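Trainee: Next up is a structure, given as structure tokens.
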Amino acid sequence: QKGRICLRMPPERLVFELWPNVAPIACQNFLSLATGHKGMGGAGRPLHYKTCPFHRIVPGFIIQGGDILMGNGSGGESIYGKPFKDDKDALKVKCDRRGLLAMGNSGKNSNTSQFFITLSDSKQVQSLTGKHVIFGRLVDGEAVLELMEQCASKDGQSEEPAYSVVIADCGVVRETLTALQCHQCGLTPA
């Protein structure tokens, strides 16, 4: 029989609101890695999130990615050429809800390219307050975040995703940037 077919494509994008007034250093790093305009890093790899995997998914806790060097959570590189210091005001932001965007680190003042997105308001998530620079929040793409969370390991033993979750492409919504932010991202103002 002939008839109409309706294909429904899955949602494809996460959109974040960044807080440069709270975390200017982290926001500049994230914006630059999203556009890739800084070119190559000291390790000879592009300073760009494009094709970078999410290497850690813990349901009800966090999804972590941004290891532009190794792709497995053991590396990372900032646009500054070295780990950068914590934005002090961003350490005061309460980590208390789903969809917060924060820098992954290995301790105080050790931020590179790794970041995570919170998946709940649990006590475990709240315990991250004061330990990680929180620099934004998810404003669009909750359905994508839910799909990503469902890619977690099913055995509960591993934090490595059961299915590959990769940043296929990334950038900025130019209309939301100030002229200064466009300049800092290597873009011409809209």
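Residues in the structure tokens are named by chain (A, B, ... in the order shown) and by number from 1 within that chain; ligands are numbered from 1 in the order shown.
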Just the helix (DSSP H, G or I) stuff from stretch 39-170 of chain A, please, per backbone DSSP, written as number ranges by chain.
Mentor: A: 88-91, 123-126, 142-149
Trainee: Just the residues within 8 Å of A:Cys151, please, counting only C-alpha atoms, with nothing from its chain fewer than 4 positions along; format it as a compact mmCIF listing (two decimals) with N, CA and C atoms, in the first residue's frame.
Mentor:
```txt
# COMPACT_ATOMS: atom_id res chain seq x y z
N ILE A 57 29.54 8.35 32.32
CA ILE A 57 28.11 8.59 32.54
C ILE A 57 27.69 7.82 33.78
N LEU A 147 18.63 11.10 26.77
CA LEU A 147 19.17 10.05 25.90
C LEU A 147 20.60 9.71 26.28
N PRO A 161 30.44 4.67 29.32
CA PRO A 161 29.14 4.46 28.66
C PRO A 161 29.08 3.11 27.92
N ALA A 162 27.89 2.54 27.88
CA ALA A 162 27.68 1.30 27.13
C ALA A 162 27.67 1.59 25.64
N TYR A 163 27.29 2.80 25.26
CA TYR A 163 27.23 3.21 23.87
C TYR A 163 28.03 4.50 23.71
N SER A 164 28.61 4.66 22.56
CA SER A 164 29.42 5.84 22.29
C SER A 164 28.57 7.10 22.26
N VAL A 165 28.99 8.11 23.01
CA VAL A 165 28.34 9.43 23.02
C VAL A 165 29.43 10.44 22.69
```
Trainee: Hey, what's within 8 Å of A:Ile68 if we count only C-alpha atoms and toss same-chain stuff fewer than 6 positions away? As number ranges by chain, please?
Mentor: A: 45-49, 52, 75-77, 113-114
Trainee: Name all residues at most 7 Å from A:Ser110 (count only C-alpha atoms; drop same-chain ones fewer than 3 positions away) and give them as a VMD selection string.
Mentor: chain A and resid 83 to 85 105 to 107
Trainee: Write a file of the selected residues as a PDB file, in the first residue's frame, keeping N, CA, C and O atoms.
Mentor:
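And here is the file that came out, result_31.pdb:
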```
ATOM      1  N   PRO A  83      46.913  23.940  33.091  1.00  0.00           N
ATOM      2  CA  PRO A  83      45.690  23.987  33.912  1.00  0.00           C
ATOM      3  C   PRO A  83      45.490  25.401  34.456  1.00  0.00           C
ATOM      4  O   PRO A  83      46.449  26.099  34.777  1.00  0.00           O
ATOM      5  N   PHE A  84      44.237  25.819  34.530  1.00  0.00           N
ATOM      6  CA  PHE A  84      43.967  27.175  34.991  1.00  0.00           C
ATOM      7  C   PHE A  84      43.287  27.178  36.349  1.00  0.00           C
ATOM      8  O   PHE A  84      42.691  26.193  36.772  1.00  0.00           O
ATOM      9  N   LYS A  85      43.413  28.328  37.011  1.00  0.00           N
ATOM     10  CA  LYS A  85      42.908  28.465  38.379  1.00  0.00           C
ATOM     11  C   LYS A  85      41.384  28.478  38.423  1.00  0.00           C
ATOM     12  O   LYS A  85      40.712  28.777  37.434  1.00  0.00           O
ATOM     13  N   ASN A 105      37.883  18.455  37.299  1.00  0.00           N
ATOM     14  CA  ASN A 105      39.253  18.747  37.717  1.00  0.00           C
ATOM     15  C   ASN A 105      39.811  17.601  38.547  1.00  0.00           C
ATOM     16  O   ASN A 105      39.103  16.652  38.881  1.00  0.00           O
ATOM     17  N   SER A 106      41.086  17.709  38.861  1.00  0.00           N
ATOM     18  CA  SER A 106      41.730  16.698  39.714  1.00  0.00           C
ATOM     19  C   SER A 106      42.144  17.310  41.041  1.00  0.00           C
ATOM     20  O   SER A 106      43.002  16.789  41.729  1.00  0.00           O
ATOM     21  N   GLY A 107      41.532  18.436  41.380  1.00  0.00           N
ATOM     22  CA  GLY A 107      41.846  19.139  42.626  1.00  0.00           C
ATOM     23  C   GLY A 107      41.830  20.637  42.378  1.00  0.00           C
ATOM     24  O   GLY A 107      41.526  21.113  41.279  1.00  0.00           O
TER      25      GLY A 107
END
```
Trainee: Please compute the atom CA of A:Ala23-atom CA of A:Gly71 distance, one decimal, in Å.
Mentor: 24.7 Å
Trainee: List the neighbours of A:Leu31 out to 12 Å using only C-alpha atoms; skip same-chain residues closer than 5 positions along the sequence, and give me the result as a PyMOL selection string.
Mentor: chain A and resi 16-20+23-26+36-38+47-49+78-79+113+135-136+170-174+177+181-187
Trainee: Taking only C-alpha atoms into account, which of A:Lys50, A:Cys95, A:Leu138, A:Arg56 comes nearest A:Ser74?
Mentor: A:Arg56
Trainee: Can you tell me, as number ranges by chain, which residues in stretch 4-139 of chain A count as strand (DSSP E) by DSSP?
Mentor: A: 15-18, 54-58, 62-65, 100-103, 115-118, 134-139
Trainee: Find the residues near stretch 116-130 of chain A: any atom within 6 Å, counting only C-alpha atoms, skip ones fewer than 3 places away on the same chain, and give them as a list in words.
Mentor: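 So the residues in contact are Gly60, Phe61, Ile62, Ile63, Gln64, Leu91, Lys92, Lys94, Cys95, Asp96, Arg97, Arg98, Gly99, Leu100, Leu101 and Ala102 of chain A.
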Trainee: What's the 9 Å shell around A:Leu14, counting only C-alpha atoms, without same-chain residues fewer than 6 positions away, as an MDAnalysis selection string?
Mentor: chainID A and resid 138:145
Trainee: Tell me which of A:Thr112, A:Ser32, A:Thr188, A:Lys82 sits closest to A:Gly66, counting only C-alpha atoms.
Mentor: A:Thr112
Trainee: With only C-alpha atoms as the atoms that count, which of A:Pro53, A:Asp89, A:Glu160, A:Glu146 lies nearest to A:Pro11?
Mentor: A:Glu146
